[in-house]
file final.pdb (PDB, C-alpha atoms)
ATOM      1  CA  MET H  82       0.000   0.000   0.000
ATOM      2  CA  SER H  83       1.347   3.437  -0.871
ATOM      3  CA  VAL H  84       0.817   6.479   1.319
ATOM      4  CA  ILE H  85       0.912  10.152   0.507
ATOM      5  CA  GLN H  86       1.706  12.274   3.498
ATOM      6  CA  ARG H  87       1.699  16.062   3.554
ATOM      7  CA  SER H  88       1.746  18.680   6.263
ATOM      8  CA  ILE H  89      -0.895  21.384   6.061
ATOM      9  CA  GLN H  90      -1.152  24.622   7.925
ATOM     10  CA  VAL H  91      -4.353  26.417   8.844
ATOM     11  CA  ASN H  92      -4.242  30.044   9.946
ATOM     12  CA  TRP H  93      -7.039  31.650  11.910
ATOM     13  CA  GLN H  94      -7.349  35.350  12.511
ATOM     14  CA  LEU H  95      -8.166  36.253  16.095
ATOM     15  CA  ARG H  96      -9.357  39.763  16.839
ATOM     16  CA  VAL H  97     -10.158  40.895  20.367
ATOM     17  CA  PHE H  98     -11.951  44.200  20.850
ATOM     18  CA  PHE H  99     -12.202  46.061  24.148
ATOM     19  CA  THR H 100     -14.906  48.625  24.745
ATOM     20  CA  GLU H 101     -17.443  49.877  27.242
ATOM     21  CA  ASN H 102     -21.139  50.411  26.629
ATOM     22  CA  VAL H 103     -21.000  48.049  23.659
ATOM     23  CA  PHE H 104     -24.722  48.537  22.920
ATOM     24  CA  ALA H 105     -24.633  52.345  22.952
ATOM     25  CA  PRO H 106     -25.868  53.389  19.470
ATOM     26  CA  ALA H 107     -22.881  55.716  18.990
ATOM     27  CA  ASN H 108     -20.340  52.970  19.814
ATOM     28  CA  PRO H 109     -18.988  51.655  16.475
ATOM     29  CA  VAL H 110     -16.946  48.742  17.870
ATOM     30  CA  LEU H 111     -19.516  45.959  17.498
ATOM     31  CA  LYS H 112     -20.684  47.197  14.084
ATOM     32  CA  ASP H 113     -17.105  47.450  12.839
ATOM     33  CA  ALA H 114     -16.296  43.976  14.157
ATOM     34  CA  LEU H 115     -19.342  42.337  12.555
ATOM     35  CA  ALA H 116     -20.124  44.124   9.298
ATOM     36  CA  ASP H 117     -16.784  43.711   7.575
ATOM     37  CA  THR H 118     -17.958  43.468   3.958
ATOM     38  CA  ALA H 119     -21.741  43.305   3.770
ATOM     39  CA  PRO H 120     -24.824  43.667   5.948
ATOM     40  CA  ARG H 121     -25.023  40.776   8.408
ATOM     41  CA  LYS H 122     -27.898  38.936  10.047
ATOM     42  CA  VAL H 123     -27.614  38.728  13.829
ATOM     43  CA  LEU H 124     -29.312  36.634  16.473
ATOM     44  CA  VAL H 125     -28.715  37.562  20.121
ATOM     45  CA  VAL H 126     -28.940  35.128  23.036
ATOM     46  CA  LEU H 127     -29.136  36.851  26.416
ATOM     47  CA  GLU H 128     -28.457  35.104  29.712
ATOM     48  CA  ASP H 129     -31.643  35.362  31.768
ATOM     49  CA  SER H 130     -29.983  36.361  35.057
ATOM     50  CA  LEU H 131     -28.206  39.247  33.314
ATOM     51  CA  ALA H 132     -31.479  40.362  31.726
ATOM     52  CA  LEU H 133     -33.088  40.379  35.177
ATOM     53  CA  ALA H 134     -30.167  42.310  36.686
ATOM     54  CA  GLN H 135     -30.199  44.857  33.842
ATOM     55  CA  PRO H 136     -33.871  45.217  32.850
ATOM     56  CA  ASN H 137     -33.120  47.757  30.096
ATOM     57  CA  LEU H 138     -30.508  45.594  28.369
ATOM     58  CA  SER H 139     -32.916  44.016  25.841
ATOM     59  CA  LEU H 140     -34.167  47.475  24.911
ATOM     60  CA  GLN H 141     -30.580  48.758  24.598
ATOM     61  CA  ILE H 142     -29.737  45.849  22.304
ATOM     62  CA  GLY H 143     -32.806  46.545  20.150
ATOM     63  CA  ASN H 144     -31.975  50.257  19.967
ATOM     64  CA  TYR H 145     -28.369  49.506  19.033
ATOM     65  CA  PHE H 146     -29.336  47.305  16.116
ATOM     66  CA  ALA H 147     -32.029  49.772  14.997
ATOM     67  CA  ALA H 148     -29.307  52.439  14.809
ATOM     68  CA  GLN H 149     -27.057  50.054  12.836
ATOM     69  CA  ALA H 150     -29.812  48.751  10.517
ATOM     70  CA  ASP H 151     -27.818  49.553   7.362
ATOM     71  CA  ASN H 152     -25.087  47.129   8.428
ATOM     72  CA  LEU H 153     -26.658  44.729  10.922
ATOM     73  CA  GLN H 154     -30.087  43.099  10.867
ATOM     74  CA  LEU H 155     -31.347  41.915  14.260
ATOM     75  CA  LEU H 156     -33.615  38.999  13.335
ATOM     76  CA  ALA H 157     -35.587  38.824  16.594
ATOM     77  CA  PRO H 158     -35.622  40.331  20.066
ATOM     78  CA  PRO H 159     -32.883  38.824  22.253
ATOM     79  CA  ILE H 160     -33.597  35.200  23.116
ATOM     80  CA  ARG H 161     -33.431  34.775  26.869
ATOM     81  CA  ILE H 162     -31.830  31.560  28.053
ATOM     82  CA  GLU H 163     -31.290  30.430  31.619
ATOM     83  CA  GLY H 164     -27.652  30.333  32.703
ATOM     84  CA  GLY H 165     -25.879  28.701  35.616
ATOM     85  CA  GLU H 166     -25.647  25.065  36.654
ATOM     86  CA  ARG H 167     -28.977  23.979  35.167
ATOM     87  CA  ALA H 168     -27.963  25.256  31.744
ATOM     88  CA  LYS H 169     -24.605  23.507  31.946
ATOM     89  CA  ASN H 170     -26.200  20.197  32.890
ATOM     90  CA  SER H 171     -29.010  20.096  30.330
ATOM     91  CA  ASP H 172     -29.148  19.887  26.561
ATOM     92  CA  GLU H 173     -32.571  21.581  26.632
ATOM     93  CA  PHE H 174     -31.102  25.068  26.242
ATOM     94  CA  VAL H 175     -28.678  24.050  23.511
ATOM     95  CA  ALA H 176     -31.572  22.456  21.614
ATOM     96  CA  GLU H 177     -33.571  25.686  21.970
ATOM     97  CA  ILE H 178     -30.718  27.737  20.547
ATOM     98  CA  HIS H 179     -30.288  25.264  17.690
ATOM     99  CA  SER H 180     -34.014  25.569  16.989
ATOM    100  CA  GLN H 181     -33.759  29.375  16.873
ATOM    101  CA  ILE H 182     -30.702  29.212  14.606
ATOM    102  CA  ASP H 183     -32.657  27.004  12.225
ATOM    103  CA  HIS H 184     -35.850  29.085  12.474
ATOM    104  CA  HIS H 185     -34.043  32.348  11.674
ATOM    105  CA  HIS H 186     -31.857  30.809   8.934
ATOM    106  CA  ILE H 187     -28.572  31.702  10.585
ATOM    107  CA  ASP H 188     -25.821  30.704   8.161
ATOM    108  CA  ARG H 189     -22.065  31.077   7.843
ATOM    109  CA  HIS H 190     -22.488  34.738   6.908
ATOM    110  CA  SER H 191     -24.471  35.481  10.069
ATOM    111  CA  TYR H 192     -23.646  36.009  13.722
ATOM    112  CA  LEU H 193     -24.905  34.595  16.974
ATOM    113  CA  ILE H 194     -24.068  36.949  19.817
ATOM    114  CA  ALA H 195     -24.024  35.395  23.275
ATOM    115  CA  VAL H 196     -24.493  38.071  25.937
ATOM    116  CA  GLY H 197     -23.745  36.712  29.380
ATOM    117  CA  GLY H 198     -22.833  37.918  32.790
ATOM    118  CA  SER H 199     -20.975  34.769  33.794
ATOM    119  CA  MET H 200     -17.631  36.549  34.040
ATOM    120  CA  SER H 201     -17.346  36.956  37.784
ATOM    121  CA  PRO H 202     -14.353  38.465  39.595
ATOM    122  CA  VAL H 203     -14.679  35.732  42.239
ATOM    123  CA  LEU H 204     -15.530  32.636  40.200
ATOM    124  CA  PRO H 205     -13.648  31.338  37.172
ATOM    125  CA  PRO H 206     -15.389  32.033  33.837
ATOM    126  CA  ARG H 207     -17.801  29.311  32.762
ATOM    127  CA  PRO H 208     -18.746  28.404  29.208
ATOM    128  CA  HIS H 209     -21.877  30.243  28.187
ATOM    129  CA  THR H 210     -24.685  27.963  26.975
ATOM    130  CA  ALA H 211     -25.092  29.981  23.764
ATOM    131  CA  ALA H 212     -21.382  29.799  23.042
ATOM    132  CA  TYR H 213     -21.485  26.032  23.547
ATOM    133  CA  ALA H 214     -24.539  25.701  21.307
ATOM    134  CA  THR H 215     -22.872  27.720  18.570
ATOM    135  CA  SER H 216     -19.713  25.656  18.820
ATOM    136  CA  ALA H 217     -21.727  22.482  18.441
ATOM    137  CA  PHE H 218     -23.747  23.921  15.551
ATOM    138  CA  ARG H 219     -21.048  25.813  13.691
ATOM    139  CA  ARG H 220     -19.684  22.764  11.921
ATOM    140  CA  GLN H 221     -22.989  22.684  10.068
ATOM    141  CA  LEU H 222     -23.770  26.370   9.523
ATOM    142  CA  CYS H 223     -22.257  29.087  11.658
ATOM    143  CA  ARG H 224     -18.827  30.412  10.977
ATOM    144  CA  ARG H 225     -18.833  33.333  13.378
ATOM    145  CA  ARG H 226     -19.629  33.700  17.049
ATOM    146  CA  ILE H 227     -19.330  36.700  19.313
ATOM    147  CA  GLN H 228     -19.384  36.541  23.103
ATOM    148  CA  VAL H 229     -20.169  39.719  24.998
ATOM    149  CA  SER H 230     -19.758  39.898  28.757
ATOM    150  CA  VAL H 231     -21.539  42.815  30.337
TER     151      VAL H 231
END
call {"tool": "encode", "arguments": {"input": "final.pdb", "output": "structure tokens"}}
result
Amino acid sequence: MSVIQRSIQVNWQLRVFFTENVFAPANPVLKDALADTAPRKVLVVLEDSLALAQPNLSLQIGNYFAAQADNLQLLAPPIRIEGGERAKNSDEFVAEIHSQIDHHHIDRHSYLIAVGGSMSPVLPPRPHTAAYATSAFRRQLCRRRIQVSV
């Protein structure tokens, strides 16, 4: 049996942006990071405990995308998903996110933005359910994922 063996190299570009008030309509950082060549479809998943702690956050997200409508199309109001231990120990939430990705036709030219408050100064960061769901789903459709910690 003959074998052909070659080494291949894959390069990935990693960009990390730092900003405050990411969903302020005048803040261009998120728009500039997402809409690199063409208008992009966006689906936002919001950790429920963060939404409860910051009741205006969903409205701020909606206002941000309304102000950026030429470049970014928010497909639905933010999808609220429970965080914490229950989310980490159940596939229910991942299945819900997969269902929403399918329903809204999120493809490799689209973005799923996971907005979570799981970055605690006391506890180590935990994987966000939406980030996990996107990782599991991206082999099929999604090519881009954004995680925002507020």
call {"tool": "closest_residue", "arguments": {"input": "final.pdb", "among": "H:Val196, H:Ile89, H:Ala176, H:Leu153", "to": "Lys122 (chain H)", "atoms": "only C-alpha atoms"}}
result
H:Leu153
call {"tool": "atom_distance", "arguments": {"input": "final.pdb", "atom1": "CA of Arg189 (chain H)", "atom2": "CA of Asn137 (chain H)"}}
result
29.9 Å
call {"tool": "resolve_selection", "arguments": {"input": "final.pdb", "expression": "the PyMOL selection byres ((chain H and resi 98-104) around 9)", "output": "list in words"}}
result
Arg96, Val97, Ala105, Pro106, Ala107, Asn108, Pro109, Val110, Leu111, Ala114, Leu138, Gln141, Ile142, Gly143, Asn144, Tyr145, Phe146, Val229 and Val231 of chain H
call {"tool": "closest_residue", "arguments": {"input": "final.pdb", "among": "H:Arg167, H:Ile162, H:Leu155, H:Trp93", "to": "Leu124 (chain H)", "atoms": "all atoms listed in the file"}}
result
H:Leu155
call {"tool": "closest_residue", "arguments": {"input": "final.pdb", "among": "H:Asn92, H:Ala148, H:Ile160, H:Gly197", "to": "Val126 (chain H)", "atoms": "all atoms listed in the file"}}
result
H:Ile160
call {"tool": "atom_distance", "arguments": {"input": "final.pdb", "atom1": "CA of Leu133 (chain H)", "atom2": "CA of Arg161 (chain H)"}}
result
10.0 Å
call {"tool": "atom_distance", "arguments": {"input": "final.pdb", "atom1": "CA of Glu128 (chain H)", "atom2": "CA of Pro159 (chain H)"}}
result
9.4 Å
call {"tool": "closest_residue", "arguments": {"input": "final.pdb", "among": "H:Ala157, H:Asp172, H:Ser83, H:Asn152", "to": "Asp113 (chain H)", "atoms": "only C-alpha atoms"}}
result
H:Asn152
call {"tool": "closest_residue", "arguments": {"input": "final.pdb", "among": "H:Leu131, H:Leu95, H:Ala147, H:Val123", "to": "Gln181 (chain H)", "atoms": "only C-alpha atoms"}}
result
H:Val123
call {"tool": "closest_residue", "arguments": {"input": "final.pdb", "among": "H:Asn170, H:Thr118, H:Gln94, H:Ser130", "to": "His190 (chain H)", "atoms": "all atoms listed in the file"}}
result
H:Thr118
call {"tool": "axis_aligned_box", "arguments": {"input": "final.pdb", "around": "region 147-165 of chain H", "padding_each_side": "3 Å", "output": "lines of an AutoDock Vina configuration file"}}
result
center_x = -30.4
center_y = 40.6
center_z = 21.5
size_x = 16.5
size_y = 29.7
size_z = 34.3
call {"tool": "build_atoms", "arguments": {"input": "final.pdb", "residues": "region 161-191 of chain H", "atoms": "N, CA and C atoms", "output": "short mmCIF file (atom, residue, chain, number, x, y, z; two decimals), in the coordinates of the input"}}
result
data_model
loop_
_atom_site.label_atom_id
_atom_site.label_comp_id
_atom_site.auth_asym_id
_atom_site.auth_seq_id
_atom_site.Cartn_x
_atom_site.Cartn_y
_atom_site.Cartn_z
N ARG H 161 -33.90 34.94 25.50
CA ARG H 161 -33.43 34.78 26.87
C ARG H 161 -33.30 33.29 27.20
N ILE H 162 -32.13 32.94 27.70
CA ILE H 162 -31.83 31.56 28.05
C ILE H 162 -31.29 31.53 29.48
N GLU H 163 -31.77 30.60 30.25
CA GLU H 163 -31.29 30.43 31.62
C GLU H 163 -29.80 30.09 31.62
N GLY H 164 -29.08 30.64 32.56
CA GLY H 164 -27.65 30.33 32.70
C GLY H 164 -27.43 29.47 33.94
N GLY H 165 -26.20 29.40 34.38
CA GLY H 165 -25.88 28.70 35.62
C GLY H 165 -25.80 27.20 35.47
N GLU H 166 -25.85 26.52 36.60
CA GLU H 166 -25.65 25.06 36.65
C GLU H 166 -26.68 24.30 35.84
N ARG H 167 -27.94 24.71 35.90
CA ARG H 167 -28.98 23.98 35.17
C ARG H 167 -28.71 24.01 33.67
N ALA H 168 -28.26 25.14 33.17
CA ALA H 168 -27.96 25.26 31.74
C ALA H 168 -26.77 24.40 31.36
N LYS H 169 -25.80 24.30 32.25
CA LYS H 169 -24.60 23.51 31.95
C LYS H 169 -24.89 22.01 31.98
N ASN H 170 -25.92 21.62 32.71
CA ASN H 170 -26.20 20.20 32.89
C ASN H 170 -27.38 19.70 32.07
N SER H 171 -27.85 20.49 31.13
CA SER H 171 -29.01 20.10 30.33
C SER H 171 -28.79 20.46 28.87
N ASP H 172 -29.21 19.58 27.99
CA ASP H 172 -29.15 19.89 26.56
C ASP H 172 -30.37 20.66 26.09
N GLU H 173 -31.33 20.88 26.98
CA GLU H 173 -32.57 21.58 26.63
C GLU H 173 -32.28 22.97 26.05
N PHE H 174 -31.38 23.70 26.67
CA PHE H 174 -31.10 25.07 26.24
C PHE H 174 -30.32 25.10 24.93
N VAL H 175 -29.42 24.16 24.77
CA VAL H 175 -28.68 24.05 23.51
C VAL H 175 -29.64 23.72 22.38
N ALA H 176 -30.58 22.81 22.63
CA ALA H 176 -31.57 22.46 21.61
C ALA H 176 -32.43 23.66 21.25
N GLU H 177 -32.78 24.48 22.24
CA GLU H 177 -33.57 25.69 21.97
C GLU H 177 -32.80 26.66 21.08
N ILE H 178 -31.53 26.84 21.37
CA ILE H 178 -30.72 27.74 20.55
C ILE H 178 -30.58 27.17 19.14
N HIS H 179 -30.36 25.88 19.02
CA HIS H 179 -30.29 25.26 17.69
C HIS H 179 -31.59 25.49 16.93
N SER H 180 -32.71 25.35 17.62
CA SER H 180 -34.01 25.57 16.99
C SER H 180 -34.14 27.00 16.48
N GLN H 181 -33.70 27.96 17.28
CA GLN H 181 -33.76 29.38 16.87
C GLN H 181 -32.82 29.66 15.70
N ILE H 182 -31.64 29.06 15.72
CA ILE H 182 -30.70 29.21 14.61
C ILE H 182 -31.34 28.71 13.32
N ASP H 183 -31.99 27.57 13.40
CA ASP H 183 -32.66 27.00 12.22
C ASP H 183 -33.84 27.86 11.80
N HIS H 184 -34.66 28.28 12.76
CA HIS H 184 -35.85 29.08 12.47
C HIS H 184 -35.50 30.41 11.78
N HIS H 185 -34.43 31.04 12.21
CA HIS H 185 -34.04 32.35 11.67
C HIS H 185 -33.04 32.25 10.52
N HIS H 186 -32.74 31.03 10.08
CA HIS H 186 -31.86 30.81 8.93
C HIS H 186 -30.48 31.45 9.13
N ILE H 187 -29.92 31.23 10.31
CA ILE H 187 -28.57 31.70 10.58
C ILE H 187 -27.62 30.83 9.78
N ASP H 188 -26.76 31.45 8.99
CA ASP H 188 -25.82 30.70 8.16
C ASP H 188 -24.40 31.18 8.43
N ARG H 189 -23.47 30.75 7.60
CA ARG H 189 -22.06 31.08 7.84
C ARG H 189 -21.74 32.54 7.62
N HIS H 190 -22.69 33.30 7.09
CA HIS H 190 -22.49 34.74 6.91
C HIS H 190 -23.18 35.55 8.01
N SER H 191 -23.71 34.86 8.99
CA SER H 191 -24.47 35.48 10.07
C SER H 191 -23.70 35.40 11.38
#
